[in-house]
Structures are given as structure tokens and as C-alpha cells.
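Data block below; observations after.
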Amino acid sequence: MKRIIGRKARYTGNEQNLDKVVIVAAMISGGSDDPDEHLYLKTDKEIAEAGGVAPTDRVEVRPIHPDGRVSWITCDPLYSDLEFID
């Protein structure tokens, strides 16, 4: 099973003002453009059972502050805009 939840990454996109983040959930679109129809998955097992995260899916992330603290605020960048650093 591929590990997604808890992984640290650097945000490389331009939609949001982020740097380092940690993934807390995945939002699998399943081909739907309607966010209300997306699967909101919080475990690697659920993600694997849904077929994994596609580059066009979004993930819920929490920014990592320069001092290493993890923010309580979340953002939802595209999975393809993340470069894993762990």
C-alpha cells in the first residue's frame, strides 16, 4: 500500500501561498467536477481501496511553519503540485 497520509511535501503550484506541507486527507474526484461527489479519505487503506490518488485529485494539507510546527489551518492543492520531501 502506497503511503500518502502524513507525508511531507513542498508545494510547487501557484494557486496557494504554501511551502512545506503535510498531507492529512485525500479528495478523490472519481471523474466528477462536483466537489460534493468527491470521496474524502483519511487513511492510506481507504485511498488504496479507492484506486489511489490521481494527479488531478486534491489533497488536504496542513502547512509546516519554518520552526517545524504544523498549522491547524488546511488547504486543498492539486496532488500534482506536491513534491515529496520525505
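Following the order of the C-alpha cells, first chain is A, next is B, and so on, with residues numbered from 1 inside each chain and ligands from 1 in the order they appear.
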Enumerate, as a PyMOL selection string, the complete set of residues in range 5-40 of chain A that a backbone-based DSSP assignment places in strand (DSSP E or B). chain A and resi 8-11+20-28+39-40
Skip Tyr79 in chain A itself and residues of its chain fewer than 3 positions away, then list as number ranges by chain all residues within 12 Å of it, counting only C-alpha atoms. A: 4, 7, 9-13, 21-23, 25-29, 52-61, 75-76, 82-84
Could you pull the residues within 12 Å of Glu49 in chain A, counting only C-alpha atoms, minus those fewer than 3 positions along the same chain, as a VMD selection string? chain A and resid 1 to 2 28 39 41 to 46 52 to 53
Could you write out that same residue set with N, CA and C atoms as an mmCIF file, in the first residue's frame?
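Below is the file that was written, selection.cif:
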```
data_model
loop_
_atom_site.group_PDB
_atom_site.id
_atom_site.type_symbol
_atom_site.label_atom_id
_atom_site.label_comp_id
_atom_site.auth_asym_id
_atom_site.auth_seq_id
_atom_site.Cartn_x
_atom_site.Cartn_y
_atom_site.Cartn_z
ATOM 1 N N MET A 1 0.852 -1.183 0.000
ATOM 2 C CA MET A 1 0.000 0.000 0.000
ATOM 3 C C MET A 1 0.894 1.240 0.000
ATOM 4 N N LYS A 2 0.593 2.176 -0.895
ATOM 5 C CA LYS A 2 1.362 3.408 -1.011
ATOM 6 C C LYS A 2 0.998 4.361 0.129
ATOM 7 N N ILE A 28 -10.698 12.379 -3.573
ATOM 8 C CA ILE A 28 -10.676 11.650 -4.835
ATOM 9 C C ILE A 28 -11.893 12.057 -5.665
ATOM 10 N N LEU A 39 -14.771 11.749 -2.948
ATOM 11 C CA LEU A 39 -14.553 10.945 -1.753
ATOM 12 C C LEU A 39 -13.545 11.667 -0.868
ATOM 13 N N LEU A 41 -11.096 10.994 1.997
ATOM 14 C CA LEU A 41 -10.481 9.813 2.593
ATOM 15 C C LEU A 41 -9.335 10.203 3.520
ATOM 16 N N LYS A 42 -9.327 9.612 4.725
ATOM 17 C CA LYS A 42 -8.346 9.987 5.740
ATOM 18 C C LYS A 42 -7.313 8.912 6.060
ATOM 19 N N THR A 43 -7.404 7.744 5.433
ATOM 20 C CA THR A 43 -6.415 6.702 5.709
ATOM 21 C C THR A 43 -5.838 6.173 4.402
ATOM 22 N N ASP A 44 -4.608 5.663 4.490
ATOM 23 C CA ASP A 44 -3.978 5.086 3.304
ATOM 24 C C ASP A 44 -4.762 3.878 2.799
ATOM 25 N N LYS A 45 -5.363 3.130 3.702
ATOM 26 C CA LYS A 45 -6.152 1.965 3.300
ATOM 27 C C LYS A 45 -7.356 2.394 2.466
ATOM 28 N N GLU A 46 -8.073 3.430 2.919
ATOM 29 C CA GLU A 46 -9.225 3.928 2.158
ATOM 30 C C GLU A 46 -8.794 4.433 0.782
ATOM 31 N N GLY A 52 -6.297 4.823 -5.373
ATOM 32 C CA GLY A 52 -5.165 5.737 -5.265
ATOM 33 C C GLY A 52 -5.526 7.163 -5.627
ATOM 34 N N VAL A 53 -4.532 8.033 -5.506
ATOM 35 C CA VAL A 53 -4.715 9.458 -5.788
ATOM 36 C C VAL A 53 -4.192 9.753 -7.188
#
```
Quick one: DSSP alpha helix (DSSP H) residues in chain A, as a ChimeraX atom specification? /A:44-49
Produce a file of the selected residues containing N, CA and C atoms, as a compact mmCIF listing (two decimals), in the first residue's frame.
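Everything below was put into selection-v2.txt:
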```
# COMPACT_ATOMS: atom_id res chain seq x y z
N ASP A 44 -4.61 5.66 4.49
CA ASP A 44 -3.98 5.09 3.30
C ASP A 44 -4.76 3.88 2.80
N LYS A 45 -5.36 3.13 3.70
CA LYS A 45 -6.15 1.97 3.30
C LYS A 45 -7.36 2.39 2.47
N GLU A 46 -8.07 3.43 2.92
CA GLU A 46 -9.22 3.93 2.16
C GLU A 46 -8.79 4.43 0.78
N ILE A 47 -7.66 5.11 0.74
CA ILE A 47 -7.15 5.64 -0.53
C ILE A 47 -6.81 4.50 -1.48
N ALA A 48 -6.15 3.47 -0.97
CA ALA A 48 -5.79 2.32 -1.80
C ALA A 48 -7.04 1.62 -2.32
N GLU A 49 -8.05 1.46 -1.47
CA GLU A 49 -9.29 0.80 -1.88
C GLU A 49 -10.03 1.60 -2.94
```
What does the distance between CA of Asp19 in chain A and CA of Arg62 in chain A come to in Å, to one decimal place? 10.4 Å
